[in-house]
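See below for data-v9.pdb, which holds PDB, C-alpha atoms.
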```pdb
ATOM      1  CA  VAL D   1     -49.662  13.440  39.561
ATOM      2  CA  PRO D   2     -46.485  12.451  37.741
ATOM      3  CA  PHE D   3     -46.149  13.758  34.184
ATOM      4  CA  TYR D   4     -43.354  14.942  31.965
ATOM      5  CA  ALA D   5     -43.477  18.482  30.614
ATOM      6  CA  LEU D   6     -41.257  19.429  27.709
ATOM      7  CA  GLU D   7     -40.954  23.190  27.253
ATOM      8  CA  LEU D   8     -40.007  23.625  23.622
ATOM      9  CA  ASN D   9     -38.796  27.186  24.190
ATOM     10  CA  GLN D  10     -36.081  25.738  26.429
ATOM     11  CA  LEU D  11     -34.725  23.572  23.613
ATOM     12  CA  GLU D  12     -32.292  24.789  20.999
ATOM     13  CA  ASN D  13     -34.503  23.378  18.230
ATOM     14  CA  GLY D  14     -37.849  24.086  19.940
ATOM     15  CA  GLY D  15     -39.130  26.295  17.130
ATOM     16  CA  GLU D  16     -38.369  23.578  14.580
ATOM     17  CA  LEU D  17     -40.192  20.998  16.704
ATOM     18  CA  GLN D  18     -43.211  23.292  17.035
ATOM     19  CA  GLU D  19     -43.301  23.780  13.247
ATOM     20  CA  ALA D  20     -42.992  20.023  12.663
ATOM     21  CA  LEU D  21     -45.925  19.420  15.031
ATOM     22  CA  HIS D  22     -47.983  21.988  13.109
ATOM     23  CA  GLU D  23     -47.170  20.237   9.823
ATOM     24  CA  LEU D  24     -48.140  16.904  11.362
ATOM     25  CA  SER D  25     -51.410  18.024  12.945
ATOM     26  CA  GLY D  26     -52.461  21.121  11.004
ATOM     27  CA  GLN D  27     -53.195  22.709  14.383
ATOM     28  CA  ARG D  28     -51.391  25.761  15.782
ATOM     29  CA  THR D  29     -53.459  26.172  18.950
ATOM     30  CA  VAL D  30     -52.720  24.402  22.214
ATOM     31  CA  PRO D  31     -53.294  22.011  23.813
ATOM     32  CA  ASN D  32     -52.577  19.706  20.909
ATOM     33  CA  VAL D  33     -53.338  16.183  22.158
ATOM     34  CA  TYR D  34     -52.024  12.886  20.786
ATOM     35  CA  ILE D  35     -53.105   9.466  22.001
ATOM     36  CA  LYS D  36     -51.124   6.439  20.839
ATOM     37  CA  GLN D  37     -49.452   8.451  18.085
ATOM     38  CA  GLN D  38     -52.771   9.693  16.693
ATOM     39  CA  HIS D  39     -53.653  13.405  16.729
ATOM     40  CA  MET D  40     -56.920  13.847  18.637
ATOM     41  CA  GLY D  41     -57.260  17.652  18.504
ATOM     42  CA  GLY D  42     -57.493  20.240  21.242
ATOM     43  CA  CYS D  43     -59.222  20.601  24.600
ATOM     44  CA  ASP D  44     -62.774  20.775  23.185
ATOM     45  CA  ASP D  45     -62.166  17.655  21.079
ATOM     46  CA  ILE D  46     -60.939  15.725  24.118
ATOM     47  CA  MET D  47     -63.897  16.905  26.215
ATOM     48  CA  ARG D  48     -66.300  15.710  23.471
ATOM     49  CA  LEU D  49     -64.590  12.311  23.422
ATOM     50  CA  HIS D  50     -64.864  12.110  27.201
ATOM     51  CA  SER D  51     -68.551  13.122  27.187
ATOM     52  CA  ALA D  52     -69.262  10.455  24.577
ATOM     53  CA  ASN D  53     -67.455   7.843  26.765
ATOM     54  CA  LYS D  54     -64.858   7.331  24.027
ATOM     55  CA  LEU D  55     -61.773   8.773  25.727
ATOM     56  CA  LEU D  56     -61.061   6.086  28.345
ATOM     57  CA  PRO D  57     -61.127   3.208  25.829
ATOM     58  CA  MET D  58     -58.642   5.161  23.719
ATOM     59  CA  VAL D  59     -56.128   5.350  26.560
ATOM     60  CA  ALA D  60     -56.830   1.835  27.857
ATOM     61  CA  GLU D  61     -54.004  -0.677  27.961
ATOM     62  CA  SER D  62     -53.014  -2.231  24.663
ATOM     63  CA  THR D  63     -50.500  -4.748  23.434
ATOM     64  CA  GLU D  64     -48.485  -2.006  21.725
ATOM     65  CA  THR D  65     -45.780  -0.261  23.696
ATOM     66  CA  TYR D  66     -45.180   3.487  23.690
ATOM     67  CA  ASP D  67     -43.001   5.732  25.782
ATOM     68  CA  TYR D  68     -46.112   7.684  26.846
ATOM     69  CA  ASP D  69     -49.814   6.951  26.988
ATOM     70  CA  LEU D  70     -50.674  10.587  26.308
ATOM     71  CA  VAL D  71     -48.699  13.475  24.817
ATOM     72  CA  VAL D  72     -50.215  16.920  25.306
ATOM     73  CA  ILE D  73     -48.839  19.821  23.327
ATOM     74  CA  GLY D  74     -49.517  23.035  25.193
ATOM     75  CA  GLY D  75     -48.862  23.573  28.886
ATOM     76  CA  GLY D  76     -51.690  26.032  29.458
ATOM     77  CA  SER D  77     -54.565  25.415  31.811
ATOM     78  CA  GLY D  78     -56.354  23.046  29.381
ATOM     79  CA  GLY D  79     -53.251  21.005  28.603
ATOM     80  CA  LEU D  80     -52.278  20.702  32.261
ATOM     81  CA  ALA D  81     -55.829  19.740  33.256
ATOM     82  CA  ALA D  82     -55.909  16.992  30.600
ATOM     83  CA  SER D  83     -52.500  15.665  31.629
ATOM     84  CA  LYS D  84     -53.350  15.653  35.342
ATOM     85  CA  GLU D  85     -56.613  13.780  34.743
ATOM     86  CA  ALA D  86     -54.781  11.155  32.662
ATOM     87  CA  GLY D  87     -52.138  10.932  35.396
ATOM     88  CA  LYS D  88     -54.864  10.267  37.981
ATOM     89  CA  LEU D  89     -55.902   7.339  35.819
ATOM     90  CA  GLY D  90     -52.377   5.950  36.067
ATOM     91  CA  LYS D  91     -51.295   6.997  32.584
ATOM     92  CA  LYS D  92     -47.773   8.098  31.698
ATOM     93  CA  VAL D  93     -48.098  11.628  30.293
ATOM     94  CA  MET D  94     -45.744  14.081  28.600
ATOM     95  CA  VAL D  95     -46.606  17.793  28.238
ATOM     96  CA  CYS D  96     -44.774  19.858  25.595
ATOM     97  CA  ASP D  97     -44.918  23.619  25.800
ATOM     98  CA  PHE D  98     -43.296  26.401  23.787
ATOM     99  CA  VAL D  99     -43.181  30.094  24.599
ATOM    100  CA  LYS D 100     -41.633  32.339  21.981
ATOM    101  CA  PRO D 101     -39.739  35.021  23.920
ATOM    102  CA  SER D 102     -41.170  38.530  23.589
ATOM    103  CA  PRO D 103     -39.078  41.232  21.887
ATOM    104  CA  ILE D 104     -37.652  42.113  25.313
ATOM    105  CA  GLY D 105     -36.924  38.452  26.107
ATOM    106  CA  THR D 106     -39.838  37.677  28.433
ATOM    107  CA  THR D 107     -40.663  33.970  28.815
ATOM    108  CA  TRP D 108     -42.570  31.945  31.377
ATOM    109  CA  GLY D 109     -43.015  28.336  32.414
ATOM    110  CA  LEU D 110     -46.076  26.156  32.378
ATOM    111  CA  GLY D 111     -49.499  27.701  32.774
ATOM    112  CA  GLY D 112     -49.964  29.326  29.397
ATOM    113  CA  THR D 113     -50.575  32.882  28.310
ATOM    114  CA  CYS D 114     -53.770  33.388  30.328
ATOM    115  CA  VAL D 115     -52.248  32.378  33.646
ATOM    116  CA  ASN D 116     -48.866  34.047  33.205
ATOM    117  CA  VAL D 117     -49.349  37.258  31.224
ATOM    118  CA  GLY D 118     -52.998  37.412  30.182
ATOM    119  CA  CYS D 119     -56.355  36.945  31.849
ATOM    120  CA  ILE D 120     -55.290  36.234  35.416
ATOM    121  CA  PRO D 121     -52.809  39.104  35.922
ATOM    122  CA  LYS D 122     -55.287  41.455  34.227
ATOM    123  CA  LYS D 123     -58.054  40.376  36.611
ATOM    124  CA  LEU D 124     -55.779  40.809  39.629
ATOM    125  CA  MET D 125     -54.771  44.320  38.524
ATOM    126  CA  HIS D 126     -58.419  45.134  37.898
ATOM    127  CA  GLN D 127     -59.234  43.944  41.433
ATOM    128  CA  ALA D 128     -56.487  46.205  42.822
ATOM    129  CA  ALA D 129     -58.085  49.154  40.975
ATOM    130  CA  LEU D 130     -61.530  48.235  42.341
ATOM    131  CA  LEU D 131     -60.131  48.120  45.869
ATOM    132  CA  GLY D 132     -58.658  51.601  45.414
ATOM    133  CA  ARG D 133     -62.029  52.918  44.266
ATOM    134  CA  ALA D 134     -63.799  51.156  47.144
ATOM    135  CA  LEU D 135     -61.430  52.755  49.659
ATOM    136  CA  GLY D 136     -62.422  56.171  48.339
ATOM    137  CA  ASP D 137     -66.124  55.305  48.499
ATOM    138  CA  SER D 138     -65.890  53.690  51.948
ATOM    139  CA  LYS D 139     -65.889  57.026  53.820
ATOM    140  CA  LYS D 140     -69.475  57.554  52.649
ATOM    141  CA  TYR D 141     -70.371  54.346  54.495
ATOM    142  CA  GLY D 142     -68.811  55.277  57.791
ATOM    143  CA  TRP D 143     -65.286  53.949  57.355
ATOM    144  CA  GLN D 144     -62.648  56.170  58.892
ATOM    145  CA  LEU D 145     -59.435  56.092  56.925
ATOM    146  CA  SER D 146     -56.425  58.331  57.086
ATOM    147  CA  ASP D 147     -55.953  60.622  54.110
ATOM    148  CA  ASP D 148     -52.512  59.037  53.600
ATOM    149  CA  VAL D 149     -53.719  55.833  51.847
ATOM    150  CA  ARG D 150     -51.219  55.056  49.083
ATOM    151  CA  HIS D 151     -50.686  52.317  46.534
ATOM    152  CA  ASN D 152     -47.333  50.560  46.088
ATOM    153  CA  TRP D 153     -46.942  49.305  42.513
ATOM    154  CA  GLU D 154     -43.962  47.029  43.327
ATOM    155  CA  THR D 155     -45.844  45.316  46.170
ATOM    156  CA  MET D 156     -48.828  44.688  43.881
ATOM    157  CA  LYS D 157     -46.578  43.417  41.079
ATOM    158  CA  GLU D 158     -44.854  40.963  43.430
ATOM    159  CA  GLY D 159     -48.224  39.798  44.791
ATOM    160  CA  ILE D 160     -49.529  39.114  41.295
ATOM    161  CA  GLN D 161     -46.438  37.259  40.138
TER     162      GLN D 161
END
```
Target encoding structure tokens, full file:
Amino acid sequence: VPFYALELNQLENGGELQEALHELSGQRTVPNVYIKQQHMGGCDDIMRLHSANKLLPMVAESTETYDYDLVVIGGGSGGLAASKEAGKLGKKVMVCDFVKPSPIGTTWGLGGTCVNVGCIPKKLMHQAALLGRALGDSKKYGWQLSDDVRHNWETMKEGIQ
């Protein structure tokens, strides 16, 4: 699905653009969705419009010309899902994303906090811990394991990234 993603943290004036978008919309959370230069809200607002059969008429062809049919601010899972669905409908979409580097300089690309440094990595590390516990319990169920079962942090870290 073709779409254009603009990562504000990669731009010299990305912070200024993010602040200007906040002043324009009054919304700091992402995704921050605009249709035909009108602020529509976030993911829940767009889902409500879609459920009420109001979203497609909003992105339908018009006599006005714009560079994009849909601009989504926030390249997390919600913003990417919205942009991909619009792309499937043949719409020209731009996704803007901004990641403020951490104090040690960590940044990431599209996918948002949850995917890159939040929910998903936490769940994968939790699963690794559960597997370690299950290995210990497995002997009680007849599994024969050597006593030299070890965990390699670097291998897990690479697998999660």
Mind working out the centre and edge lengths of an axis-aligned box for segment 124-127 of chain D, all listed atoms inside, 5 Å added to each side, rounded to one decimal in Å and written as JSON?
```
{"center_x": -57.0, "center_y": 43.0, "center_z": 39.7, "size_x": 14.5, "size_y": 14.3, "size_z": 13.5}
```
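Candidate residues D:Val71, D:Thr107, D:Thr113, D:His151 were compared for distance to Leu131 of chain D, and the nearest is D:His151, using all atoms listed in the file.
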For this structure, which residues satisfy the selection - the PyMOL selection byres ((chain D and resi 77-84) around 7) - when it is evaluated on the file as given? I want them as a short mmCIF file (atom, residue, chain, number, x, y, z; two decimals) with C-alpha atoms, in the coordinates of the input.
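Saved as out_37.cif:
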```
data_model
loop_
_atom_site.label_atom_id
_atom_site.label_comp_id
_atom_site.auth_asym_id
_atom_site.auth_seq_id
_atom_site.Cartn_x
_atom_site.Cartn_y
_atom_site.Cartn_z
CA VAL D 1 -49.66 13.44 39.56
CA PRO D 31 -53.29 22.01 23.81
CA CYS D 43 -59.22 20.60 24.60
CA VAL D 72 -50.22 16.92 25.31
CA ILE D 73 -48.84 19.82 23.33
CA GLY D 74 -49.52 23.04 25.19
CA GLY D 75 -48.86 23.57 28.89
CA GLY D 76 -51.69 26.03 29.46
CA GLU D 85 -56.61 13.78 34.74
CA ALA D 86 -54.78 11.16 32.66
CA GLY D 87 -52.14 10.93 35.40
CA LYS D 88 -54.86 10.27 37.98
CA VAL D 93 -48.10 11.63 30.29
CA GLY D 111 -49.50 27.70 32.77
CA GLY D 112 -49.96 29.33 29.40
#
```
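Put simply, atom CA of Gln10 of chain D is 20.7 Å away from atom CA of Tyr68 of chain D.
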Interatomic distance, atom CA of Asn13 of chain D to atom CA of Met94 of chain D (Å, one decimal): 17.9 Å
Chain and number of each residue from the PyMOL selection byres ((chain D and resi 98) around 9), as a VMD selection string: chain D and resid 6 to 10 14 to 15 18 73 to 75 96 to 97 99 to 100 109
Nearest candidate to Lys122 of chain D (options D:Lys157, D:Lys54, D:Arg150, D:Lys92; using all atoms listed in the file):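 Distance minimum relative to Lys122 of chain D lands on D:Lys157.
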Reference answer for the PyMOL selection byres ((chain D and resi 44-48) around 10), as a list in words: Pro31, Asn32, Val33, Tyr34, Met40, Gly41, Gly42, Cys43, Leu49, His50, Ser51, Ala52, Asn53, Lys54, Leu55, Gly78 and Ala82 of chain D
Interatomic distance, atom CA of Met156 of chain D to atom CA of His126 of chain D (Å, one decimal): 11.3 Å
Pick from D:Pro103, D:Gly90, D:Gly159, D:Gly26 nearest to Pro121 of chain D, counting all atoms listed in the file: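 With all atoms listed in the file as the atom set, the closest residue is D:Gly159.
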For Met58 of chain D, the nearest of the candidates D:Leu110, D:Asn116, D:Lys91, D:Thr29, counting all atoms listed in the file: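 Going through D:Leu110, D:Asn116, D:Lys91, D:Thr29 one by one, the smallest distance to Met58 of chain D is for D:Lys91.
Among the candidate residues D:Leu135, D:Ile160, D:Leu145, D:Ile35, the one lying nearest to Val115 of chain D is D:Ile160, with distances computed using all atoms listed in the file.
The smallest atom-to-atom distance between Ala60 of chain D and any of D:Asn152, D:Gln38, D:Tyr141, D:Leu89, using only C-alpha atoms, is found for D:Leu89.
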